[in-house]
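Q: upload10.pdb is reproduced below (PDB, C-alpha atoms and all ligand atoms).
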ATOM      1  CA  MET A  29     108.097 146.298  88.644
ATOM      2  CA  PHE A  30     106.313 146.774  91.955
ATOM      3  CA  GLU A  31     108.137 143.774  93.404
ATOM      4  CA  LEU A  32     111.425 145.117  92.111
ATOM      5  CA  ILE A  33     110.943 148.420  93.916
ATOM      6  CA  LEU A  34     109.988 146.607  97.094
ATOM      7  CA  SER A  35     112.995 144.371  97.086
ATOM      8  CA  SER A  36     115.361 147.215  96.345
ATOM      9  CA  PHE A  37     114.254 149.570  99.055
ATOM     10  CA  LEU A  38     112.715 147.686 101.925
ATOM     11  CA  PRO A  39     114.851 146.307 104.718
ATOM     12  CA  LEU A  40     115.209 142.523 104.636
ATOM     13  CA  LEU A  41     113.007 141.834 107.604
ATOM     14  CA  LEU A  42     110.101 143.817 106.210
ATOM     15  CA  GLN A  43     110.418 142.081 102.845
ATOM     16  CA  TYR A  44     110.201 138.737 104.586
ATOM     17  CA  LYS A  45     107.034 139.799 106.317
ATOM     18  CA  LEU A  46     105.472 141.036 103.096
ATOM     19  CA  LEU A  47     106.283 137.786 101.304
ATOM     20  CA  ASN A  48     104.868 135.871 104.188
ATOM     21  CA  LEU A  49     101.542 137.624 103.837
ATOM     22  CA  TYR A  50     100.898 135.671 100.664
ATOM     23  CA  HIS A  51     101.029 132.388 102.520
ATOM     24  CA  THR A  52      99.481 133.143 105.848
ATOM     25  CA  ASP A  53      95.964 132.044 105.044
ATOM     26  CA  MET A  54      96.716 128.664 103.463
ATOM     27  CA  LEU A  55      96.836 125.229 104.986
ATOM     28  CA  ASN A  56      99.989 123.385 104.016
ATOM     29  CA  VAL A  57     100.518 119.651 103.906
ATOM     30  CA  ASN A  58     103.517 117.481 104.743
ATOM     31  CA  PHE A  59     103.621 113.739 104.505
ATOM     32  CA  PHE A  60     105.447 110.655 105.725
ATOM     33  CA  THR A  61     105.294 107.101 104.397
ATOM     34  CA  PHE A  62     105.015 104.522 107.169
ATOM     35  CA  ASN A  63     104.708 100.824 107.969
ATOM     36  CA  ALA A  64     104.935  97.661 105.884
ATOM     37  CA  PHE A  65     102.027  98.815 103.691
ATOM     38  CA  GLU A  66     103.841 102.058 102.745
ATOM     39  CA  GLU A  67     100.946 104.169 103.907
ATOM     40  CA  ASN A  68     101.006 107.955 103.575
ATOM     41  CA  THR A  69     100.435 109.913 106.776
ATOM     42  CA  TYR A  70      99.604 113.587 106.204
ATOM     43  CA  ILE A  71     100.186 116.490 108.559
ATOM     44  CA  ILE A  72      98.136 119.572 107.769
ATOM     45  CA  ALA A  73      99.254 122.825 109.396
ATOM     46  CA  ASN A  74      98.104 126.430 109.362
ATOM     47  CA  GLU A  75      99.896 129.732 109.912
ATOM     48  CA  LYS A  76      99.061 129.651 113.619
ATOM     49  CA  LYS A  77     101.080 126.425 113.797
ATOM     50  CA  GLU A  78      98.014 124.381 114.634
ATOM     51  CA  CYS A  79      98.130 120.976 112.980
ATOM     52  CA  TRP A  80      95.949 117.978 112.203
ATOM     53  CA  ILE A  81      97.181 114.487 111.487
ATOM     54  CA  VAL A  82      95.428 112.454 108.812
ATOM     55  CA  ASP A  83      95.716 108.648 108.931
ATOM     56  CA  PRO A  84      98.667 108.249 111.329
ATOM     57  CA  GLY A  85     100.254 104.977 110.234
ATOM     58  CA  MET A  86     103.325 104.928 112.477
ATOM     59  CA  TYR A  87     103.934 101.337 113.588
ATOM     60  CA  GLN A  88     107.562 101.164 114.742
ATOM     61  CA  GLN A  89     108.793 103.367 117.570
ATOM     62  CA  ASP A  90     111.182 105.204 115.208
ATOM     63  CA  GLU A  91     108.223 106.089 112.979
ATOM     64  CA  LYS A  92     106.414 107.562 115.968
ATOM     65  CA  GLU A  93     109.558 109.490 116.948
ATOM     66  CA  ALA A  94     109.811 110.913 113.420
ATOM     67  CA  VAL A  95     106.357 112.491 113.777
ATOM     68  CA  TYR A  96     107.074 113.778 117.301
ATOM     69  CA  GLU A  97     110.320 115.320 116.080
ATOM     70  CA  PHE A  98     108.663 116.912 113.066
ATOM     71  CA  ILE A  99     105.960 118.438 115.264
ATOM     72  CA  ALA A 100     108.512 119.680 117.801
ATOM     73  CA  SER A 101     110.925 121.092 115.207
ATOM     74  CA  LYS A 102     108.150 123.065 113.485
ATOM     75  CA  GLN A 103     106.713 124.021 116.891
ATOM     76  CA  LEU A 104     103.326 122.715 115.827
ATOM     77  CA  GLN A 105     100.400 122.300 118.146
ATOM     78  CA  PRO A 106      98.428 119.125 117.309
ATOM     79  CA  LYS A 107      94.669 119.676 117.429
ATOM     80  CA  ALA A 108      93.112 116.416 116.241
ATOM     81  CA  ILE A 109      93.489 113.190 114.293
ATOM     82  CA  ILE A 110      91.128 112.801 111.356
ATOM     83  CA  ASN A 111      90.962 109.561 109.408
ATOM     84  CA  THR A 112      89.830 108.756 105.890
ATOM     85  CA  HIS A 113      89.020 105.221 107.065
ATOM     86  CA  ALA A 114      90.006 102.677 109.699
ATOM     87  CA  HIS A 115      92.121 100.044 107.969
ATOM     88  CA  LEU A 116      95.044  98.809 109.995
ATOM     89  CA  ASP A 117      97.733 100.625 108.036
ATOM     90  CA  HIS A 118      95.979 103.974 108.649
ATOM     91  CA  ILE A 119      95.407 103.595 112.405
ATOM     92  CA  PHE A 120      98.639 102.089 113.775
ATOM     93  CA  GLY A 121      99.764 105.448 115.189
ATOM     94  CA  VAL A 122      96.430 106.862 116.387
ATOM     95  CA  GLN A 123      96.552 105.817 120.040
ATOM     96  CA  ALA A 124     100.162 106.952 120.458
ATOM     97  CA  LEU A 125      99.243 110.451 119.229
ATOM     98  CA  MET A 126      96.110 110.546 121.382
ATOM     99  CA  ASN A 127      98.214 109.675 124.443
ATOM    100  CA  LYS A 128     101.098 111.995 123.660
ATOM    101  CA  TYR A 129      99.111 115.112 122.742
ATOM    102  CA  ASN A 130      95.758 114.421 124.396
ATOM    103  CA  ILE A 131      93.882 115.076 121.153
ATOM    104  CA  PRO A 132      90.601 113.719 119.759
ATOM    105  CA  PHE A 133      90.279 111.142 116.987
ATOM    106  CA  SER A 134      87.454 111.251 114.476
ATOM    107  CA  LEU A 135      86.316 109.366 111.427
ATOM    108  CA  HIS A 136      83.063 108.444 109.686
ATOM    109  CA  GLU A 137      80.622 106.495 111.841
ATOM    110  CA  GLN A 138      80.435 103.662 109.303
ATOM    111  CA  GLU A 139      84.055 102.812 110.048
ATOM    112  CA  THR A 140      83.185 101.696 113.581
ATOM    113  CA  GLU A 141      82.765  98.087 112.410
ATOM    114  CA  VAL A 142      86.076  98.195 110.528
ATOM    115  CA  LEU A 143      87.779  99.494 113.656
ATOM    116  CA  LYS A 144      86.351  96.567 115.643
ATOM    117  CA  MET A 145      87.938  94.159 113.144
ATOM    118  CA  ALA A 146      91.377  95.793 113.466
ATOM    119  CA  ALA A 147      92.641  93.492 116.226
ATOM    120  CA  GLY A 148      91.683  90.433 114.161
ATOM    121  CA  SER A 149      93.280  91.786 110.971
ATOM    122  CA  ALA A 150      96.437  92.651 112.886
ATOM    123  CA  MET A 151      96.749  89.067 114.071
ATOM    124  CA  MET A 152      96.048  87.765 110.587
ATOM    125  CA  PHE A 153      98.828  89.911 109.099
ATOM    126  CA  GLY A 154     101.181  89.074 111.969
ATOM    127  CA  PHE A 155     101.337  92.517 113.578
ATOM    128  CA  ASP A 156     101.696  93.004 117.284
ATOM    129  CA  PHE A 157      99.027  95.683 117.564
ATOM    130  CA  LYS A 158      96.775  96.055 120.562
ATOM    131  CA  ASP A 159      96.313  99.821 120.773
ATOM    132  CA  ILE A 160      93.015  99.869 118.892
ATOM    133  CA  PRO A 161      91.827 103.469 119.266
ATOM    134  CA  LYS A 162      88.288 104.498 120.114
ATOM    135  CA  PRO A 163      86.872 107.440 118.147
ATOM    136  CA  THR A 164      86.020 110.481 120.240
ATOM    137  CA  ALA A 165      83.735 111.980 117.574
ATOM    138  CA  TYR A 166      82.344 111.235 114.128
ATOM    139  CA  ILE A 167      82.848 113.187 110.921
ATOM    140  CA  ASN A 168      79.713 113.793 108.897
ATOM    141  CA  ALA A 169      80.082 113.805 105.129
ATOM    142  CA  GLY A 170      78.513 116.836 103.492
ATOM    143  CA  GLU A 171      79.248 119.022 106.494
ATOM    144  CA  PRO A 172      82.271 121.324 106.425
ATOM    145  CA  LEU A 173      85.113 120.159 108.656
ATOM    146  CA  GLN A 174      86.622 123.073 110.549
ATOM    147  CA  LEU A 175      90.421 123.108 110.903
ATOM    148  CA  GLY A 176      91.102 126.302 112.832
ATOM    149  CA  ASP A 177      90.018 129.137 110.545
ATOM    150  CA  ASP A 178      89.935 126.853 107.482
ATOM    151  CA  THR A 179      87.360 124.398 106.263
ATOM    152  CA  LEU A 180      87.643 121.126 104.389
ATOM    153  CA  GLN A 181      84.781 119.656 102.431
ATOM    154  CA  VAL A 182      84.057 116.046 103.299
ATOM    155  CA  PHE A 183      82.819 113.549 100.711
ATOM    156  CA  HIS A 184      81.502 110.111 101.608
ATOM    157  CA  THR A 185      83.356 107.897  99.124
ATOM    158  CA  PRO A 186      82.565 104.261 100.037
ATOM    159  CA  GLY A 187      83.603 101.208  98.041
ATOM    160  CA  HIS A 188      87.060 100.505  99.463
ATOM    161  CA  SER A 189      85.658 100.690 102.983
ATOM    162  CA  PRO A 190      82.045 101.525 103.949
ATOM    163  CA  GLY A 191      82.855 104.760 105.780
ATOM    164  CA  SER A 192      85.666 106.008 103.518
ATOM    165  CA  ILE A 193      85.727 109.787 103.345
ATOM    166  CA  SER A 194      87.793 112.205 101.254
ATOM    167  CA  PHE A 195      88.916 115.652 102.409
ATOM    168  CA  TYR A 196      88.822 118.478  99.860
ATOM    169  CA  TYR A 197      90.469 121.873 100.341
ATOM    170  CA  PRO A 198      89.337 124.063  97.424
ATOM    171  CA  LYS A 199      91.449 127.040  98.483
ATOM    172  CA  GLY A 200      94.654 125.026  98.135
ATOM    173  CA  ASN A 201      93.407 122.857  95.269
ATOM    174  CA  TRP A 202      94.032 119.544  96.949
ATOM    175  CA  LEU A 203      92.169 116.441  98.005
ATOM    176  CA  ILE A 204      93.163 113.723 100.460
ATOM    177  CA  SER A 205      91.563 110.630  98.968
ATOM    178  CA  GLY A 206      92.560 107.890 101.390
ATOM    179  CA  ASP A 207      92.528 104.525  99.592
ATOM    180  CA  VAL A 208      89.752 105.516  97.173
ATOM    181  CA  LEU A 209      91.853 106.813  94.278
ATOM    182  CA  PHE A 210      95.564 106.273  93.568
ATOM    183  CA  SER A 211      97.890 107.395  90.816
ATOM    184  CA  GLY A 212      96.953 104.949  88.026
ATOM    185  CA  SER A 213      94.850 102.751  90.292
ATOM    186  CA  ILE A 214      91.985 102.503  92.769
ATOM    187  CA  GLY A 215      91.551 101.007  96.225
ATOM    188  CA  ARG A 216      91.018  97.274  96.631
ATOM    189  CA  THR A 217      87.399  96.221  97.031
ATOM    190  CA  ASP A 218      87.811  92.666  98.367
ATOM    191  CA  LEU A 219      87.991  93.616 102.048
ATOM    192  CA  PRO A 220      84.875  93.495 104.288
ATOM    193  CA  GLY A 221      82.401  96.199 103.262
ATOM    194  CA  GLY A 222      84.154  96.794  99.936
ATOM    195  CA  ASN A 223      82.324  96.967  96.610
ATOM    196  CA  PHE A 224      83.789  97.681  93.182
ATOM    197  CA  ASP A 225      80.735  99.370  91.632
ATOM    198  CA  THR A 226      80.268 101.530  94.727
ATOM    199  CA  LEU A 227      83.904 102.615  94.553
ATOM    200  CA  ILE A 228      83.712 103.593  90.877
ATOM    201  CA  LYS A 229      80.496 105.490  91.558
ATOM    202  CA  SER A 230      82.110 107.328  94.501
ATOM    203  CA  ILE A 231      85.022 108.428  92.307
ATOM    204  CA  ARG A 232      82.842 109.534  89.408
ATOM    205  CA  THR A 233      80.327 111.362  91.603
ATOM    206  CA  HIS A 234      82.557 113.112  94.110
ATOM    207  CA  LEU A 235      86.121 113.181  92.767
ATOM    208  CA  PHE A 236      85.873 113.419  88.984
ATOM    209  CA  THR A 237      83.550 116.408  89.352
ATOM    210  CA  LEU A 238      86.402 118.436  90.921
ATOM    211  CA  PRO A 239      88.635 120.713  88.817
ATOM    212  CA  GLY A 240      91.206 118.806  86.733
ATOM    213  CA  GLU A 241      94.130 120.587  88.371
ATOM    214  CA  THR A 242      93.163 119.367  91.866
ATOM    215  CA  THR A 243      96.114 117.548  93.441
ATOM    216  CA  VAL A 244      95.159 114.131  94.784
ATOM    217  CA  LEU A 245      97.069 113.071  97.894
ATOM    218  CA  SER A 246      96.493 109.332  98.209
ATOM    219  CA  GLY A 247      96.778 106.853 101.044
ATOM    220  CA  HIS A 248      99.546 105.038  99.140
ATOM    221  CA  GLY A 249     101.926 105.988  96.353
ATOM    222  CA  PRO A 250     102.684 109.350  94.733
ATOM    223  CA  ALA A 251     100.407 112.350  94.361
ATOM    224  CA  THR A 252      98.457 112.783  91.149
ATOM    225  CA  THR A 253      95.762 115.103  89.780
ATOM    226  CA  ILE A 254      92.097 114.616  88.969
ATOM    227  CA  GLY A 255      92.804 115.542  85.316
ATOM    228  CA  GLU A 256      95.602 112.985  85.026
ATOM    229  CA  GLU A 257      93.458 110.173  86.475
ATOM    230  CA  LYS A 258      90.500 111.050  84.243
ATOM    231  CA  LYS A 259      92.785 110.677  81.231
ATOM    232  CA  HIS A 260      94.930 107.684  82.174
ATOM    233  CA  ASN A 261      93.456 105.659  85.058
ATOM    234  CA  PRO A 262      92.738 102.201  83.536
ATOM    235  CA  PHE A 263      89.922 101.498  86.030
ATOM    236  CA  LEU A 264      88.010 104.583  85.010
ATOM    237  CA  LYS A 265      88.108 104.480  81.223
TER
HETATM  238 ZN    ZN B   1      92.413 100.937 103.218
HETATM  239 ZN    ZN B   2      95.788 101.818 103.067
END
When written as structure tokens, how does the structure in this file appear?
Ligand SMILES: [Zn+2]
Ligand SMILES: [Zn+2]

A:
Amino acid sequence: MFELILSSFLPLLLQYKLLNLYHTDMLNVNFFTFNAFEENTYIIANEKKECWIVDPGMYQQDEKEAVYEFIASKQLQPKAIINTHAHLDHIFGVQALMNKYNIPFSLHEQETEVLKMAAGSAMMFGFDFKDIPKPTAYINAGEPLQLGDDTLQVFHTPGHSPGSISFYYPKGNWLISGDVLFSGSIGRTDLPGGNFDTLIKSIRTHLFTLPGETTVLSGHGPATTIGEEKKHNPFLK
């Protein structure tokens, strides 16, 4: 009833502003799928149009242009790159963003070794990739990660990679899980520093203790929820 009165009597512009109030204090997430590994790159933005890029996987020039165009069209101001881990498919676009926007790049300190192996893995997979980025800061698990006025919780979720971290935003009910948990699957554990038991333990300890309705935004494939994976994920029965 209240809404009805509002919409009947307020001028259009004022209505728009009132509606907008409901969304002004939430981070929103957009995503792209990039490179031969079909990796998901997430762009988190706030109402001040500040944005953070998670796991930029742009390899081809047109993939890089797609991100630049998105940022320009939404008039976003990139603040930093934050990575869940340092596998090749998640770091292809880091250096390009650092150069273009002059922004820092952070990840968990235990990914430093993985980052050092990136040039070798690129050669092995046949990629022409020499822009191996250097982190400008480290993200500590257990400490809140400040994105403008908002905070993400950071969980250390090793097993797929030793310094894998997951970003949890309780206010918006979502989690960026990197390659730890996928819809109906889990990250591979046969790469250097990977361990199956560690991965399962990470998921049970840090992810399956979150509310069932939490949306899981994975490093590959579609989004899912914690509740759905608890019920149906064959690796976690
Ligand atoms: Zn990975
Ligand atoms: Zn990946």

Q: Taking into account all atoms listed in the file, which residue in the set A:Gly240, A:Pro186, A:Gly191, A:Gly247 is nearest to A:Thr217?

A: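 Of all the options, A:Pro186 lies closest to A:Thr217.
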
Q: Excluding A:Gln138 and residues on its chain fewer than 4 positions from it, collect all residues at most 10 Å away from it, counting all atoms listed in the file, and give them as a list of chain:residue names.

A: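 Selected residues are A:His113, A:Ala114, A:Val142, A:Leu143, A:Tyr166, A:Ile167, A:Pro186, A:Ser189, A:Pro190, A:Gly191, A:Ser192, A:Gly221.
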
Q: Which residue, A:Leu175, A:Ile214, A:Leu245, A:Ala169, has the smallest gap to ligand ZN 1 (chain B) when you use only C-alpha atoms and all ligand atoms?

A: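 Once distances to ligand ZN 1 (chain B) are computed over only C-alpha atoms and all ligand atoms, the minimum belongs to A:Ile214.
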
Q: Do you have the atom CA of A:Gln89-atom CA of A:Gly121 distance handy?

A: 9.6 Å

Q: Give me the chain A side of the contact with ligand ZN 2 (chain B), cut-off 8 Å, one line per residue showing its nearest atom pair and distance in Å at one decimal, counting only C-alpha atoms and all ligand atoms, sorted by chain and residue number, as JSON lines.

A:
{"residue": "A:Phe65", "atom": "CA", "partner": "B:ZN2", "partner_atom": "ZN", "distance": 7.0}
{"residue": "A:Glu67", "atom": "CA", "partner": "B:ZN2", "partner_atom": "ZN", "distance": 5.7}
{"residue": "A:His115", "atom": "CA", "partner": "B:ZN2", "partner_atom": "ZN", "distance": 6.4}
{"residue": "A:Leu116", "atom": "CA", "partner": "B:ZN2", "partner_atom": "ZN", "distance": 7.6}
{"residue": "A:Asp117", "atom": "CA", "partner": "B:ZN2", "partner_atom": "ZN", "distance": 5.5}
{"residue": "A:His118", "atom": "CA", "partner": "B:ZN2", "partner_atom": "ZN", "distance": 6.0}
{"residue": "A:Gly206", "atom": "CA", "partner": "B:ZN2", "partner_atom": "ZN", "distance": 7.1}
{"residue": "A:Asp207", "atom": "CA", "partner": "B:ZN2", "partner_atom": "ZN", "distance": 5.5}
{"residue": "A:Gly247", "atom": "CA", "partner": "B:ZN2", "partner_atom": "ZN", "distance": 5.5}
{"residue": "A:His248", "atom": "CA", "partner": "B:ZN2", "partner_atom": "ZN", "distance": 6.3}

Q: Have a look at atom CA of A:Asn58 and atom CA of A:Ala146 and let me know their distance in Å, one decimal.

A: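 Here the two named atoms are 26.3 Å from each other.
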
Q: Between A:Phe133, A:His234, A:Gly212, A:Leu227, single out the one closest to A:Thr253, counting only C-alpha atoms.

A: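 The answer is A:Gly212, which sits nearest to A:Thr253.
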
Q: May I ask for the distance between atom CA of A:Gly222 and atom CA of A:Gly187, given in Å to one decimal place?

A: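 For atom CA of A:Gly222 relative to atom CA of A:Gly187, the distance reads 4.8 Å.
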
Q: Rank A:Asp53, A:Glu257, A:Glu241, A:Asp83 by their smallest atom-to-atom distance to A:Tyr70, using only C-alpha atoms, and report the top residue only.

A: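 With only C-alpha atoms as the atom set, the closest residue is A:Asp83.
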
Q: Can you work out which one of A:Gly148, A:Gly200, A:Gly85, A:Gly176 has the shortest atom-to-atom distance to A:Val57, counting only C-alpha atoms?

A: A:Gly200

Q: Using all atoms listed in the file, which of the listed residues (A:Leu209, A:Leu264, A:Ala251, A:Val244) sits closest to ligand ZN 1 (chain B)?

A: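 Result for the nearest residue to ligand ZN 1 (chain B): A:Leu209.
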
Q: Run the PyMOL selection byres (((chain A and resi 201) around 9) and not hetatm) on the file and write out the hits as a ChimeraX atom specification.

A: /A:196-200,202-203,239,241-244

Q: Those same residues - C-alpha atoms - I'd like them written as a PDB file, keeping the file's coordinate frame.

A:
ATOM      1  CA  TYR A 196      88.822 118.478  99.860  1.00  0.00           C
ATOM      2  CA  TYR A 197      90.469 121.873 100.341  1.00  0.00           C
ATOM      3  CA  PRO A 198      89.337 124.063  97.424  1.00  0.00           C
ATOM      4  CA  LYS A 199      91.449 127.040  98.483  1.00  0.00           C
ATOM      5  CA  GLY A 200      94.654 125.026  98.135  1.00  0.00           C
ATOM      6  CA  TRP A 202      94.032 119.544  96.949  1.00  0.00           C
ATOM      7  CA  LEU A 203      92.169 116.441  98.005  1.00  0.00           C
ATOM      8  CA  PRO A 239      88.635 120.713  88.817  1.00  0.00           C
ATOM      9  CA  GLU A 241      94.130 120.587  88.371  1.00  0.00           C
ATOM     10  CA  THR A 242      93.163 119.367  91.866  1.00  0.00           C
ATOM     11  CA  THR A 243      96.114 117.548  93.441  1.00  0.00           C
ATOM     12  CA  VAL A 244      95.159 114.131  94.784  1.00  0.00           C
TER      13      VAL A 244
END

Q: For A:Asn111, work out the shell of residues within 7 Å, counting all atoms listed in the file and skipping chain neighbours fewer than 4 positions away, then give it as a PDB file with C-alpha atoms, in the coordinates of the input.

A:
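For reference, result_11.pdb as written:
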ATOM      1  CA  VAL A  82      95.428 112.454 108.812  1.00  0.00           C
ATOM      2  CA  ASP A  83      95.716 108.648 108.931  1.00  0.00           C
ATOM      3  CA  SER A 134      87.454 111.251 114.476  1.00  0.00           C
ATOM      4  CA  LEU A 135      86.316 109.366 111.427  1.00  0.00           C
TER       5      LEU A 135
END

Q: Please tell me which residues are no farther than 8 Å from (97.0, 99.5, 118.7) in the file, counting only C-alpha atoms, and write them as a list of chain:residue names.

A: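 Residues close enough to count: A:Ile119, A:Phe120, A:Gly121, A:Val122, A:Gln123, A:Ala147, A:Phe157, A:Lys158, A:Asp159, A:Ile160, A:Pro161.
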
Q: Keeping C-alpha atoms, export the residues of the selection given above as a PDB file, in the frame of the given file.

A:
ATOM      1  CA  ILE A 119      95.407 103.595 112.405  1.00  0.00           C
ATOM      2  CA  PHE A 120      98.639 102.089 113.775  1.00  0.00           C
ATOM      3  CA  GLY A 121      99.764 105.448 115.189  1.00  0.00           C
ATOM      4  CA  VAL A 122      96.430 106.862 116.387  1.00  0.00           C
ATOM      5  CA  GLN A 123      96.552 105.817 120.040  1.00  0.00           C
ATOM      6  CA  ALA A 147      92.641  93.492 116.226  1.00  0.00           C
ATOM      7  CA  PHE A 157      99.027  95.683 117.564  1.00  0.00           C
ATOM      8  CA  LYS A 158      96.775  96.055 120.562  1.00  0.00           C
ATOM      9  CA  ASP A 159      96.313  99.821 120.773  1.00  0.00           C
ATOM     10  CA  ILE A 160      93.015  99.869 118.892  1.00  0.00           C
ATOM     11  CA  PRO A 161      91.827 103.469 119.266  1.00  0.00           C
TER      12      PRO A 161
END

Q: Would you list the residues near (87.2, 123.7, 106.8), meaning any protein, DNA or RNA residue with an atom at most 12 Å from that point in file coordinates, counting only C-alpha atoms, as a VMD selection string?

A: chain A and resid 54 to 55 72 74 80 170 to 182 195 to 200
